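A.B. asks: What follows is query.cif, mmCIF, N, CA, C and O atoms.
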```cif
data_protein
#
loop_
_atom_site.group_PDB
_atom_site.id
_atom_site.type_symbol
_atom_site.label_atom_id
_atom_site.label_comp_id
_atom_site.auth_asym_id
_atom_site.auth_seq_id
_atom_site.Cartn_x
_atom_site.Cartn_y
_atom_site.Cartn_z
ATOM 1 N N MET A 13 -4.406 15.202 27.196
ATOM 2 C CA MET A 13 -3.660 14.030 26.794
ATOM 3 C C MET A 13 -4.640 12.894 26.516
ATOM 4 O O MET A 13 -5.365 12.479 27.391
ATOM 5 N N THR A 14 -4.660 12.408 25.309
ATOM 6 C CA THR A 14 -5.531 11.287 24.989
ATOM 7 C C THR A 14 -4.886 10.416 23.934
ATOM 8 O O THR A 14 -3.857 10.760 23.365
ATOM 9 N N GLY A 15 -5.504 9.304 23.657
ATOM 10 C CA GLY A 15 -5.085 8.455 22.557
ATOM 11 C C GLY A 15 -3.734 7.839 22.741
ATOM 12 O O GLY A 15 -3.471 7.182 23.731
ATOM 13 N N LYS A 16 -2.854 8.038 21.746
ATOM 14 C CA LYS A 16 -1.551 7.383 21.728
ATOM 15 C C LYS A 16 -0.689 7.774 22.919
ATOM 16 O O LYS A 16 0.088 6.980 23.400
ATOM 17 N N VAL A 17 -0.841 8.996 23.407
ATOM 18 C CA VAL A 17 -0.058 9.419 24.569
ATOM 19 C C VAL A 17 -0.462 8.590 25.779
ATOM 20 O O VAL A 17 0.380 8.106 26.522
ATOM 21 N N ASP A 18 -1.777 8.382 25.972
ATOM 22 C CA ASP A 18 -2.247 7.561 27.083
ATOM 23 C C ASP A 18 -1.767 6.130 26.956
ATOM 24 O O ASP A 18 -1.439 5.486 27.941
ATOM 25 N N GLU A 19 -1.725 5.603 25.734
ATOM 26 C CA GLU A 19 -1.283 4.233 25.518
ATOM 27 C C GLU A 19 0.179 4.067 25.900
ATOM 28 O O GLU A 19 0.607 2.966 26.234
ATOM 29 N N ALA A 20 0.961 5.141 25.860
ATOM 30 C CA ALA A 20 2.378 5.076 26.194
ATOM 31 C C ALA A 20 2.610 5.127 27.706
ATOM 32 O O ALA A 20 3.713 4.867 28.159
ATOM 33 N N LEU A 21 1.562 5.451 28.469
ATOM 34 C CA LEU A 21 1.706 5.517 29.916
ATOM 35 C C LEU A 21 1.873 4.119 30.492
ATOM 36 O O LEU A 21 1.186 3.185 30.084
ATOM 37 N N SER A 22 2.775 4.004 31.455
ATOM 38 C CA SER A 22 2.874 2.738 32.176
ATOM 39 C C SER A 22 1.696 2.663 33.139
ATOM 40 O O SER A 22 1.016 3.673 33.407
ATOM 41 N N TYR A 23 1.466 1.474 33.666
ATOM 42 C CA TYR A 23 0.396 1.318 34.656
ATOM 43 C C TYR A 23 0.644 2.260 35.835
ATOM 44 O O TYR A 23 -0.267 2.945 36.296
ATOM 45 N N GLU A 24 1.877 2.296 36.300
ATOM 46 C CA GLU A 24 2.207 3.105 37.475
ATOM 47 C C GLU A 24 1.996 4.590 37.211
ATOM 48 O O GLU A 24 1.517 5.321 38.079
ATOM 49 N N GLN A 25 2.372 5.055 36.014
ATOM 50 C CA GLN A 25 2.163 6.467 35.673
ATOM 51 C C GLN A 25 0.683 6.803 35.645
ATOM 52 O O GLN A 25 0.263 7.834 36.186
ATOM 53 N N ALA A 26 -0.101 5.958 34.999
ATOM 54 C CA ALA A 26 -1.540 6.203 34.911
ATOM 55 C C ALA A 26 -2.175 6.160 36.292
ATOM 56 O O ALA A 26 -3.006 7.010 36.634
ATOM 57 N N ARG A 27 -1.781 5.187 37.101
ATOM 58 C CA ARG A 27 -2.333 5.063 38.457
ATOM 59 C C ARG A 27 -1.992 6.290 39.298
ATOM 60 O O ARG A 27 -2.860 6.849 39.980
ATOM 61 N N ASP A 28 -0.736 6.721 39.236
ATOM 62 C CA ASP A 28 -0.325 7.881 40.033
ATOM 63 C C ASP A 28 -1.065 9.141 39.610
ATOM 64 O O ASP A 28 -1.479 9.940 40.452
ATOM 65 N N GLU A 29 -1.231 9.322 38.295
ATOM 66 C CA GLU A 29 -1.968 10.495 37.828
ATOM 67 C C GLU A 29 -3.434 10.397 38.237
ATOM 68 O O GLU A 29 -4.045 11.401 38.618
ATOM 69 N N LEU A 30 -3.992 9.200 38.188
ATOM 70 C CA LEU A 30 -5.379 9.009 38.601
ATOM 71 C C LEU A 30 -5.550 9.351 40.084
ATOM 72 O O LEU A 30 -6.530 10.012 40.462
ATOM 73 N N VAL A 31 -4.607 8.939 40.904
ATOM 74 C CA VAL A 31 -4.645 9.271 42.331
ATOM 75 C C VAL A 31 -4.658 10.792 42.509
ATOM 76 O O VAL A 31 -5.418 11.335 43.320
ATOM 77 N N GLU A 32 -3.838 11.486 41.736
ATOM 78 C CA GLU A 32 -3.777 12.952 41.822
ATOM 79 C C GLU A 32 -5.089 13.579 41.372
ATOM 80 O O GLU A 32 -5.577 14.542 41.984
ATOM 81 N N VAL A 33 -5.680 13.060 40.308
ATOM 82 C CA VAL A 33 -6.969 13.578 39.825
ATOM 83 C C VAL A 33 -8.026 13.414 40.912
ATOM 84 O O VAL A 33 -8.778 14.350 41.207
ATOM 85 N N VAL A 34 -8.083 12.241 41.516
ATOM 86 C CA VAL A 34 -9.067 11.996 42.578
ATOM 87 C C VAL A 34 -8.831 12.932 43.752
ATOM 88 O O VAL A 34 -9.769 13.503 44.307
ATOM 89 N N ARG A 35 -7.561 13.119 44.120
ATOM 90 C CA ARG A 35 -7.232 14.022 45.230
ATOM 91 C C ARG A 35 -7.742 15.423 44.948
ATOM 92 O O ARG A 35 -8.342 16.067 45.798
ATOM 93 N N ARG A 36 -7.510 15.900 43.720
ATOM 94 C CA ARG A 36 -7.943 17.254 43.357
ATOM 95 C C ARG A 36 -9.470 17.368 43.358
ATOM 96 O O ARG A 36 -10.019 18.379 43.809
ATOM 97 N N LEU A 37 -10.144 16.343 42.871
ATOM 98 C CA LEU A 37 -11.611 16.368 42.875
ATOM 99 C C LEU A 37 -12.153 16.362 44.301
ATOM 100 O O LEU A 37 -13.105 17.090 44.610
ATOM 101 N N GLU A 38 -11.558 15.540 45.156
ATOM 102 C CA GLU A 38 -12.018 15.462 46.539
ATOM 103 C C GLU A 38 -11.732 16.745 47.316
ATOM 104 O O GLU A 38 -12.491 17.100 48.221
ATOM 105 N N ALA A 39 -10.675 17.444 46.947
ATOM 106 C CA ALA A 39 -10.313 18.681 47.635
ATOM 107 C C ALA A 39 -11.306 19.801 47.327
ATOM 108 O O ALA A 39 -11.496 20.709 48.132
ATOM 109 N N GLY A 40 -11.937 19.720 46.173
ATOM 110 C CA GLY A 40 -12.894 20.756 45.791
ATOM 111 C C GLY A 40 -12.186 22.033 45.385
ATOM 112 O O GLY A 40 -10.989 22.054 45.115
ATOM 113 N N GLY A 41 -12.951 23.099 45.329
ATOM 114 C CA GLY A 41 -12.383 24.396 44.986
ATOM 115 C C GLY A 41 -12.162 24.597 43.504
ATOM 116 O O GLY A 41 -11.509 25.563 43.092
ATOM 117 N N THR A 42 -12.662 23.698 42.674
ATOM 118 C CA THR A 42 -12.523 23.867 41.231
ATOM 119 C C THR A 42 -13.867 24.254 40.646
ATOM 120 O O THR A 42 -14.917 24.006 41.236
ATOM 121 N N THR A 43 -13.810 24.875 39.493
ATOM 122 C CA THR A 43 -15.051 25.241 38.817
ATOM 123 C C THR A 43 -15.715 23.975 38.277
ATOM 124 O O THR A 43 -15.090 22.904 38.218
ATOM 125 N N LEU A 44 -16.958 24.116 37.875
ATOM 126 C CA LEU A 44 -17.663 22.980 37.289
ATOM 127 C C LEU A 44 -16.911 22.474 36.058
ATOM 128 O O LEU A 44 -16.723 21.262 35.884
ATOM 129 N N GLU A 45 -16.473 23.398 35.212
ATOM 130 C CA GLU A 45 -15.759 23.010 33.999
ATOM 131 C C GLU A 45 -14.458 22.273 34.331
ATOM 132 O O GLU A 45 -14.131 21.257 33.721
ATOM 133 N N GLU A 46 -13.710 22.760 35.315
ATOM 134 C CA GLU A 46 -12.471 22.093 35.728
ATOM 135 C C GLU A 46 -12.765 20.706 36.310
ATOM 136 O O GLU A 46 -12.046 19.750 36.019
ATOM 137 N N SER A 47 -13.818 20.640 37.105
ATOM 138 C CA SER A 47 -14.194 19.356 37.697
ATOM 139 C C SER A 47 -14.573 18.343 36.627
ATOM 140 O O SER A 47 -14.189 17.167 36.697
ATOM 141 N N LEU A 48 -15.319 18.776 35.626
ATOM 142 C CA LEU A 48 -15.694 17.882 34.528
ATOM 143 C C LEU A 48 -14.460 17.413 33.759
ATOM 144 O O LEU A 48 -14.353 16.238 33.395
ATOM 145 N N ALA A 49 -13.526 18.331 33.513
ATOM 146 C CA ALA A 49 -12.298 17.967 32.803
ATOM 147 C C ALA A 49 -11.489 16.969 33.621
ATOM 148 O O ALA A 49 -10.946 16.001 33.072
ATOM 149 N N LEU A 50 -11.416 17.176 34.930
ATOM 150 C CA LEU A 50 -10.701 16.239 35.793
ATOM 151 C C LEU A 50 -11.387 14.874 35.790
ATOM 152 O O LEU A 50 -10.721 13.841 35.704
ATOM 153 N N TRP A 51 -12.707 14.872 35.864
ATOM 154 C CA TRP A 51 -13.452 13.614 35.858
ATOM 155 C C TRP A 51 -13.208 12.860 34.546
ATOM 156 O O TRP A 51 -12.963 11.657 34.558
ATOM 157 N N GLU A 52 -13.264 13.588 33.426
ATOM 158 C CA GLU A 52 -13.016 12.952 32.126
ATOM 159 C C GLU A 52 -11.610 12.379 32.056
ATOM 160 O O GLU A 52 -11.398 11.269 31.549
ATOM 161 N N ARG A 53 -10.642 13.121 32.569
ATOM 162 C CA ARG A 53 -9.261 12.630 32.580
ATOM 163 C C ARG A 53 -9.155 11.387 33.463
ATOM 164 O O ARG A 53 -8.472 10.415 33.112
ATOM 165 N N GLY A 54 -9.832 11.418 34.579
ATOM 166 C CA GLY A 54 -9.840 10.264 35.472
ATOM 167 C C GLY A 54 -10.402 9.027 34.787
ATOM 168 O O GLY A 54 -9.876 7.920 34.945
ATOM 169 N N GLU A 55 -11.464 9.205 34.008
ATOM 170 C CA GLU A 55 -12.052 8.080 33.270
ATOM 171 C C GLU A 55 -11.051 7.523 32.258
ATOM 172 O O GLU A 55 -10.926 6.311 32.107
ATOM 173 N N GLU A 56 -10.338 8.407 31.560
ATOM 174 C CA GLU A 56 -9.327 7.967 30.594
ATOM 175 C C GLU A 56 -8.221 7.179 31.292
ATOM 176 O O GLU A 56 -7.788 6.129 30.816
ATOM 177 N N LEU A 57 -7.761 7.697 32.416
ATOM 178 C CA LEU A 57 -6.693 7.034 33.155
ATOM 179 C C LEU A 57 -7.152 5.693 33.712
ATOM 180 O O LEU A 57 -6.394 4.713 33.704
ATOM 181 N N ALA A 58 -8.392 5.623 34.151
ATOM 182 C CA ALA A 58 -8.934 4.359 34.648
ATOM 183 C C ALA A 58 -8.974 3.325 33.524
ATOM 184 O O ALA A 58 -8.682 2.144 33.747
ATOM 185 N N ARG A 59 -9.302 3.755 32.298
ATOM 186 C CA ARG A 59 -9.309 2.833 31.150
ATOM 187 C C ARG A 59 -7.899 2.313 30.871
ATOM 188 O O ARG A 59 -7.712 1.126 30.585
ATOM 189 N N VAL A 60 -6.905 3.205 30.958
ATOM 190 C CA VAL A 60 -5.515 2.785 30.745
ATOM 191 C C VAL A 60 -5.134 1.736 31.792
ATOM 192 O O VAL A 60 -4.580 0.680 31.461
ATOM 193 N N CYS A 61 -5.452 2.006 33.047
ATOM 194 C CA CYS A 61 -5.136 1.059 34.122
ATOM 195 C C CYS A 61 -5.852 -0.264 33.899
ATOM 196 O O CYS A 61 -5.255 -1.337 34.067
ATOM 197 N N ARG A 62 -7.112 -0.208 33.499
ATOM 198 C CA ARG A 62 -7.890 -1.422 33.267
ATOM 199 C C ARG A 62 -7.266 -2.263 32.148
ATOM 200 O O ARG A 62 -7.163 -3.480 32.265
ATOM 201 N N ARG A 63 -6.822 -1.587 31.071
ATOM 202 C CA ARG A 63 -6.181 -2.326 29.977
ATOM 203 C C ARG A 63 -4.911 -3.023 30.449
ATOM 204 O O ARG A 63 -4.645 -4.167 30.093
ATOM 205 N N TRP A 64 -4.109 -2.315 31.251
ATOM 206 C CA TRP A 64 -2.891 -2.926 31.780
ATOM 207 C C TRP A 64 -3.226 -4.138 32.638
ATOM 208 O O TRP A 64 -2.588 -5.195 32.532
ATOM 209 N N LEU A 65 -4.222 -3.994 33.512
ATOM 210 C CA LEU A 65 -4.582 -5.089 34.405
ATOM 211 C C LEU A 65 -5.176 -6.269 33.636
ATOM 212 O O LEU A 65 -4.888 -7.431 33.949
ATOM 213 N N GLU A 66 -5.984 -5.990 32.623
ATOM 214 C CA GLU A 66 -6.537 -7.066 31.792
ATOM 215 C C GLU A 66 -5.423 -7.793 31.043
ATOM 216 O O GLU A 66 -5.455 -9.019 30.909
ATOM 217 N N GLY A 67 -4.445 -7.044 30.563
ATOM 218 C CA GLY A 67 -3.300 -7.650 29.884
ATOM 219 C C GLY A 67 -2.493 -8.522 30.829
ATOM 220 O O GLY A 67 -2.063 -9.621 30.469
ATOM 221 N N ALA A 68 -2.307 -8.036 32.048
ATOM 222 C CA ALA A 68 -1.568 -8.816 33.046
ATOM 223 C C ALA A 68 -2.331 -10.093 33.376
ATOM 224 O O ALA A 68 -1.736 -11.174 33.486
ATOM 225 N N ARG A 69 -3.650 -9.994 33.520
ATOM 226 C CA ARG A 69 -4.471 -11.170 33.818
ATOM 227 C C ARG A 69 -4.377 -12.189 32.678
ATOM 228 O O ARG A 69 -4.246 -13.392 32.917
ATOM 229 N N ALA A 70 -4.414 -11.720 31.438
ATOM 230 C CA ALA A 70 -4.316 -12.627 30.288
ATOM 231 C C ALA A 70 -2.965 -13.344 30.287
ATOM 232 O O ALA A 70 -2.896 -14.546 30.002
ATOM 233 N N ARG A 71 -1.902 -12.613 30.606
ATOM 234 C CA ARG A 71 -0.574 -13.231 30.649
ATOM 235 C C ARG A 71 -0.489 -14.280 31.755
ATOM 236 O O ARG A 71 0.086 -15.355 31.570
ATOM 237 N N LEU A 72 -1.065 -13.965 32.922
ATOM 238 C CA LEU A 72 -1.066 -14.930 34.019
ATOM 239 C C LEU A 72 -1.880 -16.168 33.657
ATOM 240 O O LEU A 72 -1.448 -17.299 33.905
ATOM 241 N N ASP A 73 -3.052 -15.955 33.074
ATOM 242 C CA ASP A 73 -3.891 -17.084 32.670
ATOM 243 C C ASP A 73 -3.163 -17.971 31.664
ATOM 244 O O ASP A 73 -3.217 -19.194 31.754
ATOM 245 N N ALA A 74 -2.481 -17.355 30.703
ATOM 246 C CA ALA A 74 -1.746 -18.122 29.695
ATOM 247 C C ALA A 74 -0.611 -18.908 30.347
ATOM 248 O O ALA A 74 -0.391 -20.082 30.018
ATOM 249 N N ALA A 75 0.095 -18.283 31.271
ATOM 250 C CA ALA A 75 1.200 -18.965 31.946
ATOM 251 C C ALA A 75 0.676 -20.125 32.787
ATOM 252 O O ALA A 75 1.274 -21.213 32.801
ATOM 253 N N LEU A 76 -0.445 -19.928 33.471
ATOM 254 C CA LEU A 76 -1.015 -21.004 34.275
ATOM 255 C C LEU A 76 -1.505 -22.155 33.402
ATOM 256 O O LEU A 76 -1.325 -23.326 33.744
ATOM 257 N N ALA A 77 -2.116 -21.833 32.281
ATOM 258 C CA ALA A 77 -2.588 -22.870 31.357
ATOM 259 C C ALA A 77 -1.410 -23.657 30.803
ATOM 260 O O ALA A 77 -1.468 -24.887 30.695
ATOM 261 N N GLU A 78 -0.337 -22.965 30.476
ATOM 262 C CA GLU A 78 0.868 -23.635 29.960
ATOM 263 C C GLU A 78 1.453 -24.561 31.022
ATOM 264 O O GLU A 78 1.841 -25.692 30.735
ATOM 265 N N GLU A 79 1.471 -24.077 32.258
ATOM 266 C CA GLU A 79 1.994 -24.884 33.362
ATOM 267 C C GLU A 79 1.138 -26.139 33.567
ATOM 268 O O GLU A 79 1.661 -27.227 33.762
ATOM 269 N N GLU A 80 -0.182 -25.989 33.489
ATOM 270 C CA GLU A 80 -1.079 -27.138 33.636
ATOM 271 C C GLU A 80 -0.859 -28.145 32.501
ATOM 272 O O GLU A 80 -0.868 -29.350 32.731
ATOM 273 N N ASP A 81 -0.658 -27.639 31.288
ATOM 274 C CA ASP A 81 -0.397 -28.522 30.149
ATOM 275 C C ASP A 81 0.895 -29.304 30.367
ATOM 276 O O ASP A 81 0.961 -30.504 30.096
ATOM 277 N N GLU A 82 1.920 -28.627 30.847
ATOM 278 C CA GLU A 82 3.199 -29.289 31.091
ATOM 279 C C GLU A 82 3.071 -30.335 32.189
ATOM 280 O O GLU A 82 3.633 -31.425 32.084
ATOM 281 N N GLU A 83 2.310 -30.039 33.235
ATOM 282 C CA GLU A 83 2.109 -31.003 34.319
ATOM 283 C C GLU A 83 1.325 -32.208 33.818
ATOM 284 O O GLU A 83 1.609 -33.340 34.178
ATOM 285 N N GLY A 84 0.344 -31.973 32.970
ATOM 286 C CA GLY A 84 -0.439 -33.070 32.412
ATOM 287 C C GLY A 84 0.417 -33.978 31.559
ATOM 288 O O GLY A 84 0.297 -35.202 31.605
ATOM 289 N N THR A 85 1.300 -33.402 30.784
ATOM 290 C CA THR A 85 2.198 -34.182 29.939
ATOM 291 C C THR A 85 3.163 -34.985 30.800
ATOM 292 O O THR A 85 3.431 -36.158 30.528
ATOM 293 N N ALA A 86 3.656 -34.392 31.873
ATOM 294 C CA ALA A 86 4.593 -35.084 32.753
ATOM 295 C C ALA A 86 3.899 -36.229 33.480
ATOM 296 O O ALA A 86 4.482 -37.296 33.683
ATOM 297 N N LYS A 87 2.637 -36.054 33.870
ATOM 298 C CA LYS A 87 1.910 -37.100 34.606
ATOM 299 C C LYS A 87 1.650 -38.328 33.749
ATOM 300 O O LYS A 87 1.649 -39.453 34.226
ATOM 301 N N ASP A 88 1.406 -38.137 32.453
ATOM 302 C CA ASP A 88 1.136 -39.309 31.618
ATOM 303 C C ASP A 88 2.422 -39.847 30.972
ATOM 304 O O ASP A 88 2.387 -40.667 30.071
ATOM 305 N N GLY A 89 3.547 -39.364 31.492
ATOM 306 C CA GLY A 89 4.831 -39.881 31.029
ATOM 307 C C GLY A 89 5.222 -39.400 29.654
ATOM 308 O O GLY A 89 6.122 -39.938 29.036
ATOM 309 N N GLY A 90 4.517 -38.375 29.167
ATOM 310 C CA GLY A 90 4.831 -37.850 27.864
ATOM 311 C C GLY A 90 4.366 -38.736 26.735
ATOM 312 O O GLY A 90 4.745 -38.552 25.598
ATOM 313 N N ARG A 91 3.564 -39.732 27.054
ATOM 314 C CA ARG A 91 3.064 -40.659 26.035
ATOM 315 C C ARG A 91 1.977 -40.017 25.207
ATOM 316 O O ARG A 91 1.135 -39.303 25.723
ATOM 317 N N ALA A 92 1.980 -40.274 23.965
ATOM 318 C CA ALA A 92 0.935 -39.781 23.068
ATOM 319 C C ALA A 92 -0.223 -40.763 23.096
ATOM 320 O O ALA A 92 -0.025 -41.961 23.145
ATOM 321 N N GLY A 93 -1.433 -40.235 23.090
ATOM 322 C CA GLY A 93 -2.689 -40.827 23.058
ATOM 323 C C GLY A 93 -3.022 -42.175 23.023
ATOM 324 O O GLY A 93 -3.600 -43.035 22.988
#
```
Re-express the file's structure as structure tokens.
C.D. replies:
Amino acid sequence: MTGKVDEALSYEQARDELVEVVRRLEAGGTTLEESLALWERGEELARVCRRWLEGARARLDAALAEEEDEEGTAKDGGRAG
């Protein structure tokens, strides 16, 4: 699963699958090839999670900046320059 399918994953889906990948890697008992495939999948899932978290941070930053702008306008009585 890569590309557009990964982009359709919610943060929670990607996180849960990543947890499972890590669990399987830590448990051992897989071949080198299987371990590499799991590691690669884990990297993909981590990127999906990172994108979601970066997007959430950007939204929070924008909301906080908007709130600060509104407070600044209210403090000066809404007067223009």
A.B. asks: Please provide as a compact mmCIF listing (two decimals) with N, CA, C and O atoms, in the frame of the given file all residues within 10 Å of Glu56 of chain A, with the sequence filter that same-chain residues fewer than 2 positions apart are discarded (counting only C-alpha atoms).
C.D. replies:
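Final output, selection02.txt:
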```
# COMPACT_ATOMS: atom_id res chain seq x y z
N MET A 13 -4.41 15.20 27.20
CA MET A 13 -3.66 14.03 26.79
C MET A 13 -4.64 12.89 26.52
O MET A 13 -5.36 12.48 27.39
N THR A 14 -4.66 12.41 25.31
CA THR A 14 -5.53 11.29 24.99
C THR A 14 -4.89 10.42 23.93
O THR A 14 -3.86 10.76 23.36
N GLY A 15 -5.50 9.30 23.66
CA GLY A 15 -5.08 8.46 22.56
C GLY A 15 -3.73 7.84 22.74
O GLY A 15 -3.47 7.18 23.73
N ASP A 18 -1.78 8.38 25.97
CA ASP A 18 -2.25 7.56 27.08
C ASP A 18 -1.77 6.13 26.96
O ASP A 18 -1.44 5.49 27.94
N ALA A 26 -0.10 5.96 35.00
CA ALA A 26 -1.54 6.20 34.91
C ALA A 26 -2.17 6.16 36.29
O ALA A 26 -3.01 7.01 36.63
N LEU A 30 -3.99 9.20 38.19
CA LEU A 30 -5.38 9.01 38.60
C LEU A 30 -5.55 9.35 40.08
O LEU A 30 -6.53 10.01 40.46
N LEU A 50 -11.42 17.18 34.93
CA LEU A 50 -10.70 16.24 35.79
C LEU A 50 -11.39 14.87 35.79
O LEU A 50 -10.72 13.84 35.70
N TRP A 51 -12.71 14.87 35.86
CA TRP A 51 -13.45 13.61 35.86
C TRP A 51 -13.21 12.86 34.55
O TRP A 51 -12.96 11.66 34.56
N GLU A 52 -13.26 13.59 33.43
CA GLU A 52 -13.02 12.95 32.13
C GLU A 52 -11.61 12.38 32.06
O GLU A 52 -11.40 11.27 31.55
N ARG A 53 -10.64 13.12 32.57
CA ARG A 53 -9.26 12.63 32.58
C ARG A 53 -9.15 11.39 33.46
O ARG A 53 -8.47 10.42 33.11
N GLY A 54 -9.83 11.42 34.58
CA GLY A 54 -9.84 10.26 35.47
C GLY A 54 -10.40 9.03 34.79
O GLY A 54 -9.88 7.92 34.94
N ALA A 58 -8.39 5.62 34.15
CA ALA A 58 -8.93 4.36 34.65
C ALA A 58 -8.97 3.32 33.52
O ALA A 58 -8.68 2.14 33.75
N ARG A 59 -9.30 3.76 32.30
CA ARG A 59 -9.31 2.83 31.15
C ARG A 59 -7.90 2.31 30.87
O ARG A 59 -7.71 1.13 30.58
N VAL A 60 -6.90 3.20 30.96
CA VAL A 60 -5.52 2.78 30.74
C VAL A 60 -5.13 1.74 31.79
O VAL A 60 -4.58 0.68 31.46
N CYS A 61 -5.45 2.01 33.05
CA CYS A 61 -5.14 1.06 34.12
C CYS A 61 -5.85 -0.26 33.90
O CYS A 61 -5.26 -1.34 34.07
N ARG A 62 -7.11 -0.21 33.50
CA ARG A 62 -7.89 -1.42 33.27
C ARG A 62 -7.27 -2.26 32.15
O ARG A 62 -7.16 -3.48 32.26
```
A.B. asks: Work out how far atom N of Gly67 of chain A is from atom N of Leu48 of chain A, in Å to one decimal.
C.D. replies: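 Pair atom N of Leu48 of chain A / atom N of Gly67 of chain A returns 28.5 Å.
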A.B. asks: From the options A:Glu66, A:Glu55, A:Glu45, A:Glu80, which residue's atoms come nearest to Val33 of chain A, counting only C-alpha atoms?
C.D. replies: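 Using only C-alpha atoms, Val33 of chain A sits closest to A:Glu55.
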A.B. asks: Measuring between all atoms listed in the file, which one of A:Asp81, A:Ala70, A:Leu37, A:Trp64 shows the shortest distance to Leu21 of chain A?
C.D. replies: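 Result for the nearest residue to Leu21 of chain A: A:Trp64.
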A.B. asks: Is it possible to get the axis-aligned box enclosing segment 69-72 of chain A (all listed atoms, 4 Å extra per side) as JSON, with centre and edge lengths in Å rounded to one decimal?
C.D. replies:
```
{"center_x": -2.2, "center_y": -13.6, "center_z": 32.0, "size_x": 12.6, "size_y": 15.3, "size_z": 12.0}
```
A.B. asks: How many Å separate atom O of Ala75 of chain A from atom CA of Gln25 of chain A?
C.D. replies: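 One can read the atom O of Ala75 of chain A to atom CA of Gln25 of chain A distance as 27.8 Å.
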A.B. asks: If DSSP is run on the backbone, what residues of chain A are helix (DSSP H, G or I)? A reply as a PyMOL selection string would be ideal.
C.D. replies: chain A and resi 16-19+23-39+44-87
A.B. asks: In Å to one decimal, how far is atom CA of Ala20 of chain A from atom N of Leu72 of chain A?
C.D. replies: 20.5 Å
A.B. asks: Using only N, CA, C and O atoms, can you tell me which of A:Arg69, A:Ala74, A:Glu83, A:Leu57 comes closest to Tyr23 of chain A?
C.D. replies: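 Comparing A:Arg69, A:Ala74, A:Glu83, A:Leu57 against Tyr23 of chain A, the winner is A:Leu57.
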